[in-house]
Amino acid sequence: MSKLHGLLALSLVVAACASSDPGPSPTTAGSAPSSTSPVNVRTVDPRPGAPGIGDPLYPNLGNGGYDVADYRLELEVEPATGMVRGIAAVEAVALHDLSSFNLDLVGMEVRSVDVAVAERRGAATWRRRGRELVVVPAEPIPAGVVFVVTVVYEGVPGPVPEGAVPFAPGWRKVGDTIYVFDQPDGAAGWFPANDHPRDRATMTLTVTVPEDVVVVSAGERSSRRVGDGRREYRWVIDDPIAPYLVPLGIGPFRERAEPPAGSIPVTTWFDPDIPEGRLEPFRRQGEMVEFFAERFGPYPFERIGALIVEDESLRAALETQEVSTYTSPSLAWGEAVVAHELAHQWFGDAVTVARWDDIWLNEGFATFGQWLWAEHDVGPEVYDRQVMRAYRTMSGLDRASSGVPPEDAARQAREAYPPPDHPRADELFSASVYQRGGLTLVALRDLVGDEGVFDVLEEWVRRFGGRSATTEDFVALVEERLGAEAAELVTAFVEDPQIPPMPQRGLAPPG
Ligand SMILES: [Zn+2]
């Protein structure tokens, strides 16, 4: 959510540091001495905040009972050992009377937890349970009241081993270089969070590192020497951000200014081992953003950037907000991946998903954006060829033309590429989510033309930017702007077992 402007006239005191008591071990309950008196607002019906935010696909992700407004995160990082010492001050508003609430935190050793309510800071008891850090404030927190929970913690973060998906997202260390790849639930591996795209907040990220490395993130940057050969970097992220979209790179990155998009600056940070010749596509980021802005509406953030990390073990890119993250093997995808991640700044970052099983709203839209860029830059035949190839795969036409009987080919395709909305928990990033998701917008464009499809996409970001949304929200918007036939087309493309025909292209499933 956005900042708590005018919500409550409470002034807040953020605990700068907890007691020197090292606290209990992370597997046991703990408490620190209390020096507080209760808040003068009565609670009527205090109960625990839910351990999950209510995501139907991943019931334990995120948390209920509060809404984060701001994270103040201070990390001391030793790149050589990977050791992190952190203080996280999480400012939130209680959504109901809270007897306790959870933060998501995986691994790391918690040293202390306290909760400040209305200038009164008090010890809290806490316990760990899987990825949940359960916090019990000294007094229940009344609904509507702002509180700040401060967690002092340390450890060597790593990828999140028991995450929502088959791979391990999170904090990655390659040599002395560190970066994060947190989709969907890896952020909890390095800071206590309400780790779900439904709860966005501003963030001030302060990271202290040795002088020979730099820290890259989003927002407004400053840095200062802090002695002992160390430097403190501060990144102030004013546009509310989902935890998984926070970029972070710590390493010997070089910085290159690229041609801007109008007045919006573009910066590429890259590992010095990557030859500059491989970075050519990043010269065009500003041009791509200008192209998308004409179709999707104004670029939703204040800066554009890329962080390119040398990591041969992972071929991936992630649309971290403002500054997308690319591993070196992903550069093989050329301009397509850069266009894809930039399109995500509108679809995925400005508008986040309210439920992870609506991920096609991110991936299908970004795939469509990537095809549009190819059409613009190379020519319509490239767009048509990519669309045709995706349709032939998703429908089974390619199987049929290689000799599989048509009905069998269509059935095999239905099984291999189920509809993109509501994928299974282990299919969040399946080919169908991307390609049939992208084909959905191609089919809509075929039906209503450029004016109609771009009107809807621009209105989508205007209406839901800074918030999260669902497939139902999108279908309702399509119906409102383009009528029932267009809405039915979108629903059929994302929900029917069989991909619908694309009559304007003469395409239909086999059989
Ligand atoms: Zn994507």
# chains A, B, ... in the order shown; residues from 1 in each chain; ligands from 1

$ residues_near_ligand --ligand "ligand 1" --cutoff "10 Å" --atoms "only C-alpha atoms and all ligand atoms" --output "list in words"
Ala316, Ala317, Leu318, Glu319, Val337, Ala339, His340, Glu341, Leu342, Ala343, His344, Phe347, Gly348, Ile359, Trp360, Leu361, Asn362, Glu363, Gly364, Phe365, Ala366, Thr367, Gln370, Phe429, Val433 and Tyr434 of chain A

$ residues_around --residues "Trp371 of chain A" --least-positions-apart "3" --cutoff "6 Å" --atoms "only C-alpha atoms" --output "VMD selection string"
chain A and resid 368 374 383

$ closest_atom_pairs --of "segment 109-223 of chain A" --to "segment 80-85 of chain A" --cutoff "9 Å" --atoms "only C-alpha atoms" --output "JSON lines"
{"residue": "A:Val152", "atom": "CA", "partner": "A:Arg85", "partner_atom": "CA", "distance": 7.9}
{"residue": "A:Tyr153", "atom": "CA", "partner": "A:Arg85", "partner_atom": "CA", "distance": 6.1}
{"residue": "A:Glu154", "atom": "CA", "partner": "A:Arg85", "partner_atom": "CA", "distance": 4.3}
{"residue": "A:Gly155", "atom": "CA", "partner": "A:Val84", "partner_atom": "CA", "distance": 5.5}
{"residue": "A:Val156", "atom": "CA", "partner": "A:Met83", "partner_atom": "CA", "distance": 4.6}
{"residue": "A:Pro157", "atom": "CA", "partner": "A:Gly82", "partner_atom": "CA", "distance": 7.3}
{"residue": "A:Gly158", "atom": "CA", "partner": "A:Gly82", "partner_atom": "CA", "distance": 8.9}
{"residue": "A:Lys173", "atom": "CA", "partner": "A:Gly82", "partner_atom": "CA", "distance": 7.3}
{"residue": "A:Gly175", "atom": "CA", "partner": "A:Ala80", "partner_atom": "CA", "distance": 7.7}
{"residue": "A:Asp176", "atom": "CA", "partner": "A:Ala80", "partner_atom": "CA", "distance": 5.4}
{"residue": "A:Thr177", "atom": "CA", "partner": "A:Ala80", "partner_atom": "CA", "distance": 8.6}
{"residue": "A:Ile178", "atom": "CA", "partner": "A:Gly82", "partner_atom": "CA", "distance": 8.1}
{"residue": "A:Trp190", "atom": "CA", "partner": "A:Val84", "partner_atom": "CA", "distance": 8.5}

$ select_by_dssp --residues "segment 299-387 of chain A" --states "alpha helix (DSSP H)" --output "MDAnalysis selection string"
chainID A and resid 335:344 360:377 380:387

$ residues_around --residues "segment 200-208 of chain A" --least-positions-apart "3" --cutoff "8 Å" --atoms "only C-alpha atoms" --output "mmCIF file with N, CA and C atoms, in the first residue's frame"
data_model
loop_
_atom_site.group_PDB
_atom_site.id
_atom_site.type_symbol
_atom_site.label_atom_id
_atom_site.label_comp_id
_atom_site.auth_asym_id
_atom_site.auth_seq_id
_atom_site.Cartn_x
_atom_site.Cartn_y
_atom_site.Cartn_z
ATOM 1 N N MET A 1 0.841 -1.179 0.000
ATOM 2 C CA MET A 1 0.000 0.000 0.000
ATOM 3 C C MET A 1 0.884 1.238 0.000
ATOM 4 N N SER A 2 0.250 2.375 -0.095
ATOM 5 C CA SER A 2 1.029 3.604 -0.107
ATOM 6 C C SER A 2 1.240 4.087 1.314
ATOM 7 N N LYS A 3 1.892 5.201 1.410
ATOM 8 C CA LYS A 3 2.181 5.744 2.736
ATOM 9 C C LYS A 3 0.895 6.081 3.465
ATOM 10 N N VAL A 68 1.574 -3.350 5.652
ATOM 11 C CA VAL A 68 2.843 -2.626 5.805
ATOM 12 C C VAL A 68 2.792 -1.315 5.026
ATOM 13 N N ALA A 69 3.277 -0.231 5.648
ATOM 14 C CA ALA A 69 3.402 1.055 4.965
ATOM 15 C C ALA A 69 4.835 1.325 4.540
ATOM 16 N N ASP A 70 5.791 0.880 5.349
ATOM 17 C CA ASP A 70 7.180 1.242 5.073
ATOM 18 C C ASP A 70 8.130 0.249 5.732
ATOM 19 N N TYR A 71 9.188 -0.078 4.993
ATOM 20 C CA TYR A 71 10.291 -0.865 5.563
ATOM 21 C C TYR A 71 11.507 0.050 5.692
ATOM 22 N N ARG A 72 12.133 0.040 6.865
ATOM 23 C CA ARG A 72 13.463 0.659 6.997
ATOM 24 C C ARG A 72 14.438 -0.457 7.314
ATOM 25 N N LEU A 73 15.252 -0.723 6.332
ATOM 26 C CA LEU A 73 16.103 -1.910 6.400
ATOM 27 C C LEU A 73 17.557 -1.465 6.430
ATOM 28 N N GLU A 74 18.275 -1.851 7.484
ATOM 29 C CA GLU A 74 19.706 -1.517 7.585
ATOM 30 C C GLU A 74 20.488 -2.809 7.642
ATOM 31 N N LEU A 75 21.331 -3.006 6.638
ATOM 32 C CA LEU A 75 22.093 -4.258 6.544
ATOM 33 C C LEU A 75 23.582 -3.949 6.536
ATOM 34 N N GLU A 76 24.334 -4.723 7.301
ATOM 35 C CA GLU A 76 25.789 -4.732 7.178
ATOM 36 C C GLU A 76 26.151 -6.041 6.512
ATOM 37 N N VAL A 77 26.808 -5.956 5.375
ATOM 38 C CA VAL A 77 27.060 -7.164 4.590
ATOM 39 C C VAL A 77 28.564 -7.376 4.411
ATOM 40 N N PRO A 197 2.838 -9.949 -3.114
ATOM 41 C CA PRO A 197 2.661 -8.751 -3.946
ATOM 42 C C PRO A 197 1.433 -7.920 -3.592
ATOM 43 N N VAL A 215 26.698 -1.025 -4.035
ATOM 44 C CA VAL A 215 25.377 -1.586 -3.777
ATOM 45 C C VAL A 215 24.410 -0.957 -4.762
ATOM 46 N N ARG A 230 34.878 1.176 4.906
ATOM 47 C CA ARG A 230 33.516 0.765 4.537
ATOM 48 C C ARG A 230 32.712 1.960 4.042
ATOM 49 N N ARG A 231 31.712 1.647 3.253
ATOM 50 C CA ARG A 231 30.847 2.678 2.707
ATOM 51 C C ARG A 231 29.388 2.256 2.897
ATOM 52 N N GLU A 232 28.581 3.257 3.226
ATOM 53 C CA GLU A 232 27.147 3.008 3.426
ATOM 54 C C GLU A 232 26.373 3.536 2.213
ATOM 55 N N TYR A 233 25.586 2.675 1.622
ATOM 56 C CA TYR A 233 24.724 3.069 0.499
ATOM 57 C C TYR A 233 23.286 3.130 0.996
ATOM 58 N N ARG A 234 22.607 4.180 0.585
ATOM 59 C CA ARG A 234 21.185 4.288 0.965
ATOM 60 C C ARG A 234 20.358 4.468 -0.295
ATOM 61 N N TRP A 235 19.331 3.635 -0.412
ATOM 62 C CA TRP A 235 18.409 3.711 -1.556
ATOM 63 C C TRP A 235 17.018 3.958 -0.989
ATOM 64 N N VAL A 236 16.422 5.076 -1.361
ATOM 65 C CA VAL A 236 15.099 5.439 -0.837
ATOM 66 C C VAL A 236 14.067 5.166 -1.926
ATOM 67 N N ILE A 237 13.247 4.168 -1.691
ATOM 68 C CA ILE A 237 12.254 3.733 -2.685
ATOM 69 C C ILE A 237 10.902 4.330 -2.290
ATOM 70 N N ASP A 238 10.489 5.371 -3.030
ATOM 71 C CA ASP A 238 9.262 6.104 -2.702
ATOM 72 C C ASP A 238 8.015 5.493 -3.318
ATOM 73 N N ASP A 239 8.199 4.755 -4.411
ATOM 74 C CA ASP A 239 7.046 4.102 -5.035
ATOM 75 C C ASP A 239 6.838 2.772 -4.333
ATOM 76 N N PRO A 240 5.668 2.590 -3.703
ATOM 77 C CA PRO A 240 5.456 1.348 -2.951
ATOM 78 C C PRO A 240 5.839 0.118 -3.779
ATOM 79 N N ILE A 241 6.515 -0.793 -3.132
ATOM 80 C CA ILE A 241 7.127 -1.912 -3.843
ATOM 81 C C ILE A 241 6.753 -3.211 -3.136
ATOM 82 N N ALA A 242 6.539 -4.257 -3.918
ATOM 83 C CA ALA A 242 6.327 -5.585 -3.335
ATOM 84 C C ALA A 242 7.690 -6.139 -2.930
ATOM 85 N N PRO A 243 7.766 -6.853 -1.809
ATOM 86 C CA PRO A 243 9.085 -7.334 -1.362
ATOM 87 C C PRO A 243 9.864 -8.075 -2.442
ATOM 88 N N ARG A 467 -1.474 -0.613 -7.119
ATOM 89 C CA ARG A 467 -2.324 -1.566 -6.396
ATOM 90 C C ARG A 467 -2.153 -2.947 -7.004
#

$ residues_around --residues "Val213 of chain A" --least-positions-apart "5" --cutoff "7 Å" --atoms "only C-alpha atoms" --output "PyMOL selection string"
chain A and resi 250-252

$ write_last_selection --atoms "N, CA and C atoms" --output "mmCIF file, in the first residue's frame"
data_model
loop_
_atom_site.group_PDB
_atom_site.id
_atom_site.type_symbol
_atom_site.label_atom_id
_atom_site.label_comp_id
_atom_site.auth_asym_id
_atom_site.auth_seq_id
_atom_site.Cartn_x
_atom_site.Cartn_y
_atom_site.Cartn_z
ATOM 1 N N ILE A 250 25.220 -6.485 -4.880
ATOM 2 C CA ILE A 250 26.394 -6.072 -4.103
ATOM 3 C C ILE A 250 27.596 -6.702 -4.792
ATOM 4 N N GLY A 251 28.449 -5.856 -5.343
ATOM 5 C CA GLY A 251 29.584 -6.401 -6.074
ATOM 6 C C GLY A 251 30.381 -5.291 -6.733
ATOM 7 N N PRO A 252 31.381 -5.668 -7.518
ATOM 8 C CA PRO A 252 32.255 -4.661 -8.158
ATOM 9 C C PRO A 252 31.647 -4.136 -9.453
#
